[in-house]
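Everything below concerns the one structure shown next.
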Amino acid sequence: MARSSPRTGVTARRREHRLRTWIDVSVPLRTNMVRWPGDPPVRIERVLDFELGHGVTVSRLDMGTHTGTHIDAPAHFVRDGASLDAMPFAATVGRARVVAIRDRTTITPEELARHHLRRGERVLFRTSNSSRCWHTDDFIEDFVYVTPAAARFLVERGVRTVGVDYLSVGGLSSGGEETHLVLLRAGIWIIEGLNLARVRPGRYDLICLPLRVCGAEGAPARALVRALLPRRQA
């Protein structure tokens, strides 16, 4: 039986380590970054500073709860819906699938049907938004979004969580409220504002936890993914 050389073994371990590296797919927060139209602007201000003679540094953060990478709770659109502090960890921690969307306008049921989504899946959609929308602080109006029909398809498939790579799961002027309502009423948690430009389609470990803000309908989050290793052949 042929045996692999020590060099081959080292190469394989390095490749495995590279595959198992966590990738930060959240968007850095900074002053005047892009925000949803009408939301509060982002301001990060140093209020105590060594340069001003203070013995410590302290910053003030001023922004809306749906800025950058964040999570929508049912309370965002559903009266008496669950607030963010009631979110179960299982909603955004565990196995997830990154699905590449080819359509450069919307996410439709027709395209989703090809991916054979399963009940309980956490699904992150990588669209052209990731490579196109995060390079500017200007709001991009024609971002790729989930249509209401696609939202109903996701509910029918019984997915657990939906992640998208711009500031809203629904469109700006077409079906945005309906898409949110369909998903949130079904108990599907929503991650918005991901940047999946460096992530290939496939299966990953996901960690995405929002700030624990009591009674909030949404909050900023840090999101990380790590590729699952392929199953070893017997």
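FYI, nothing fancy with the structure tokens labels: chains A, B, ... in order, residues from 1 per chain, ligands from 1 as they appear.
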Name all residues at most 10 Å from Arg119 of chain A (count only C-alpha atoms; drop same-chain ones fewer than 3 positions away) and give them as a count of residues only. 9
Which residues are close to Arg185 of chain A, i.e. within 10 Å by only C-alpha atoms, leaving aside same-chain residues fewer than 2 positions away? Reply as a PyMOL selection string. chain A and resi 74-75+77-79+81-82+155+180-183+187-189
Nearest to Leu48 of chain A by atom-to-atom distance, counting only C-alpha atoms, from A:Leu224, A:Pro210, A:Ile140, A:Arg60: A:Arg60
For Ser174 of chain A, the nearest of the candidates A:Asp205, A:Asp103, A:Asp142, A:Asp137, counting only C-alpha atoms: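 Using only C-alpha atoms, Ser174 of chain A sits closest to A:Asp142.
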Name the residues of segment 54-119 of chain A that come out as strand (DSSP E) in a backbone DSSP run; write them as a list in words.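 Written out, the strand (DSSP E) residues of segment 54-119 of chain A are Val58, Ser59, Arg60, Leu61, Asp62, His70, Ile71, Asp72, Val93, Gly94, Arg95, Ala96, Arg97, Val98, Val99, Ala100, Thr106 and Ile107 of chain A.
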Counting only C-alpha atoms, give me one row per residue of segment 40-125 of chain A with an atom at most 9 Å from an atom of segment 191-197 of chain A, showing the shortest contact pair and its distance in Å to one decimal, sorted by chain then residue number, as JSON lines.
{"residue": "A:His66", "atom": "CA", "partner": "A:Glu192", "partner_atom": "CA", "distance": 8.3}
{"residue": "A:Thr67", "atom": "CA", "partner": "A:Gly193", "partner_atom": "CA", "distance": 7.8}
{"residue": "A:Gly68", "atom": "CA", "partner": "A:Gly193", "partner_atom": "CA", "distance": 5.3}
{"residue": "A:Thr69", "atom": "CA", "partner": "A:Gly193", "partner_atom": "CA", "distance": 4.1}
{"residue": "A:His70", "atom": "CA", "partner": "A:Glu192", "partner_atom": "CA", "distance": 5.5}
{"residue": "A:Ile71", "atom": "CA", "partner": "A:Ile191", "partner_atom": "CA", "distance": 4.5}
{"residue": "A:Asp72", "atom": "CA", "partner": "A:Ile191", "partner_atom": "CA", "distance": 6.4}
{"residue": "A:Thr92", "atom": "CA", "partner": "A:Ile191", "partner_atom": "CA", "distance": 8.4}
{"residue": "A:Val98", "atom": "CA", "partner": "A:Leu196", "partner_atom": "CA", "distance": 8.6}
{"residue": "A:Leu124", "atom": "CA", "partner": "A:Ile191", "partner_atom": "CA", "distance": 8.4}
{"residue": "A:Phe125", "atom": "CA", "partner": "A:Leu196", "partner_atom": "CA", "distance": 8.3}
Go ahead and write the selection's residues with C-alpha atoms as a compact mmCIF listing (two decimals), in the first residue's frame.
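Here's the written file again_17.txt:
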# COMPACT_ATOMS: atom_id res chain seq x y z
CA HIS A 66 -30.22 47.99 12.16
CA THR A 67 -26.79 49.26 11.19
CA GLY A 68 -24.14 47.14 9.52
CA THR A 69 -24.36 43.44 10.30
CA HIS A 70 -27.38 42.94 12.54
CA ILE A 71 -30.22 40.62 13.44
CA ASP A 72 -33.94 41.29 13.03
CA THR A 92 -27.64 31.75 14.70
CA VAL A 98 -23.91 29.51 2.03
CA LEU A 124 -26.91 32.56 4.05
CA PHE A 125 -27.41 34.01 0.57
Would you pick out the contacts of Arg102 of chain A at 10 Å or less, using only C-alpha atoms, so that residues sharing its chain but fewer than 5 positions from it are not included, and give the list as a compact mmCIF listing (two decimals) with N, CA and C atoms, in the first residue's frame?
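Writing the result to out38.txt gives the following:
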# COMPACT_ATOMS: atom_id res chain seq x y z
N ILE A 107 -33.94 37.36 -5.32
CA ILE A 107 -33.88 35.95 -4.95
C ILE A 107 -35.28 35.40 -5.10
N GLU A 111 -35.12 29.96 -8.37
CA GLU A 111 -33.70 29.70 -8.14
C GLU A 111 -33.49 28.91 -6.85
N ARG A 126 -25.38 34.42 -0.69
CA ARG A 126 -24.30 35.25 -1.25
C ARG A 126 -24.73 35.71 -2.64
N THR A 127 -24.96 36.99 -2.77
CA THR A 127 -25.38 37.57 -4.04
C THR A 127 -24.29 38.52 -4.54
N SER A 128 -24.59 39.21 -5.61
CA SER A 128 -23.65 40.22 -6.12
C SER A 128 -23.51 41.40 -5.16
Sel. of helix (DSSP H, G or I) residues, chain A, as a VMD selection string: chain A and resid 6 to 19 50 to 52 74 to 76 84 to 86 89 to 91 109 to 113 129 to 132 148 to 157 176 to 185
Exercise: His115 of chain A partners within 12 Å, only C-alpha atoms, chain neighbours under 2 positions left out, as a list in words: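 The contact residues come out as Arg97, Val98, Val99, Ala100, Ile101, Thr108, Pro109, Glu110, Glu111, Leu112, Ala113, Leu117, Arg118, Glu121, Val123, Phe125, Leu154, Arg157, Pro201 and Gly202 of chain A.
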List the spatial neighbours of Gly171 of chain A as a ChimeraX atom specification - criterion: any atom at most 9 Å away, only C-alpha atoms, same-chain residues fewer than 6 positions off excluded. /A:106,141-147,177,179
Preceding selection exported with N, CA and C atoms as a PDB file, in the first residue's frame:
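Result file out.pdb:
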ATOM      1  N   THR A 106     -33.094  39.762  -7.929  1.00  0.00           N
ATOM      2  CA  THR A 106     -33.880  39.259  -6.800  1.00  0.00           C
ATOM      3  C   THR A 106     -33.560  37.797  -6.516  1.00  0.00           C
ATOM      4  N   GLU A 141     -29.529  51.353  -4.020  1.00  0.00           N
ATOM      5  CA  GLU A 141     -30.965  51.080  -4.040  1.00  0.00           C
ATOM      6  C   GLU A 141     -31.323  49.769  -4.736  1.00  0.00           C
ATOM      7  N   ASP A 142     -30.565  49.381  -5.750  1.00  0.00           N
ATOM      8  CA  ASP A 142     -30.935  48.193  -6.533  1.00  0.00           C
ATOM      9  C   ASP A 142     -30.204  46.938  -6.045  1.00  0.00           C
ATOM     10  N   PHE A 143     -30.148  46.765  -4.729  1.00  0.00           N
ATOM     11  CA  PHE A 143     -29.518  45.565  -4.167  1.00  0.00           C
ATOM     12  C   PHE A 143     -30.393  44.336  -4.417  1.00  0.00           C
ATOM     13  N   VAL A 144     -29.786  43.176  -4.387  1.00  0.00           N
ATOM     14  CA  VAL A 144     -30.506  41.915  -4.557  1.00  0.00           C
ATOM     15  C   VAL A 144     -31.221  41.577  -3.250  1.00  0.00           C
ATOM     16  N   TYR A 145     -32.500  41.215  -3.348  1.00  0.00           N
ATOM     17  CA  TYR A 145     -33.296  40.971  -2.139  1.00  0.00           C
ATOM     18  C   TYR A 145     -34.194  39.751  -2.323  1.00  0.00           C
ATOM     19  N   VAL A 146     -34.759  39.290  -1.225  1.00  0.00           N
ATOM     20  CA  VAL A 146     -35.675  38.145  -1.220  1.00  0.00           C
ATOM     21  C   VAL A 146     -37.081  38.639  -1.552  1.00  0.00           C
ATOM     22  N   THR A 147     -37.683  38.090  -2.582  1.00  0.00           N
ATOM     23  CA  THR A 147     -39.049  38.473  -2.925  1.00  0.00           C
ATOM     24  C   THR A 147     -40.029  37.862  -1.933  1.00  0.00           C
ATOM     25  N   GLU A 177     -41.689  45.091   3.184  1.00  0.00           N
ATOM     26  CA  GLU A 177     -42.436  44.814   4.403  1.00  0.00           C
ATOM     27  C   GLU A 177     -43.037  43.417   4.372  1.00  0.00           C
ATOM     28  N   THR A 179     -41.994  40.733   2.759  1.00  0.00           N
ATOM     29  CA  THR A 179     -40.955  39.723   2.940  1.00  0.00           C
ATOM     30  C   THR A 179     -40.599  39.569   4.411  1.00  0.00           C
TER      31      THR A 179
END
Show me, as a PyMOL selection string, the residues that have an atom within 9 Å of Arg35 of chain A when counting only C-alpha atoms, minus same-chain residues fewer than 3 positions from it. chain A and resi 32+38-42+64+66-68+137-139+167
Resulting file, chosen residues, C-alpha atoms, as a PDB file, in the first residue's frame:
ATOM      1  CA  ASN A  32     -20.813  57.889   8.450  1.00  0.00           C
ATOM      2  CA  GLY A  38     -34.099  57.297   7.319  1.00  0.00           C
ATOM      3  CA  ASP A  39     -32.106  55.421   9.974  1.00  0.00           C
ATOM      4  CA  PRO A  40     -29.884  57.398  12.360  1.00  0.00           C
ATOM      5  CA  PRO A  41     -26.391  58.163  11.053  1.00  0.00           C
ATOM      6  CA  VAL A  42     -23.443  56.335  12.590  1.00  0.00           C
ATOM      7  CA  GLY A  64     -29.598  52.727  14.798  1.00  0.00           C
ATOM      8  CA  HIS A  66     -30.220  47.990  12.165  1.00  0.00           C
ATOM      9  CA  THR A  67     -26.791  49.261  11.191  1.00  0.00           C
ATOM     10  CA  GLY A  68     -24.136  47.136   9.517  1.00  0.00           C
ATOM     11  CA  ASP A 137     -20.934  54.651   1.970  1.00  0.00           C
ATOM     12  CA  ASP A 138     -23.717  55.602  -0.446  1.00  0.00           C
ATOM     13  CA  PHE A 139     -26.861  53.506  -0.146  1.00  0.00           C
ATOM     14  CA  LEU A 167     -29.070  45.967   4.746  1.00  0.00           C
TER      15      LEU A 167
END
One-decimal distance in Å that lies between atom CA of Asp62 of chain A and atom CA of His76 of chain A: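 It comes out at 19.4 Å.
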I'd like to know which of A:Pro220, A:Gly170, A:Pro37, A:Gly55 is closest to Leu184 of chain A, using only C-alpha atoms.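 Of all the options, A:Gly170 lies closest to Leu184 of chain A.
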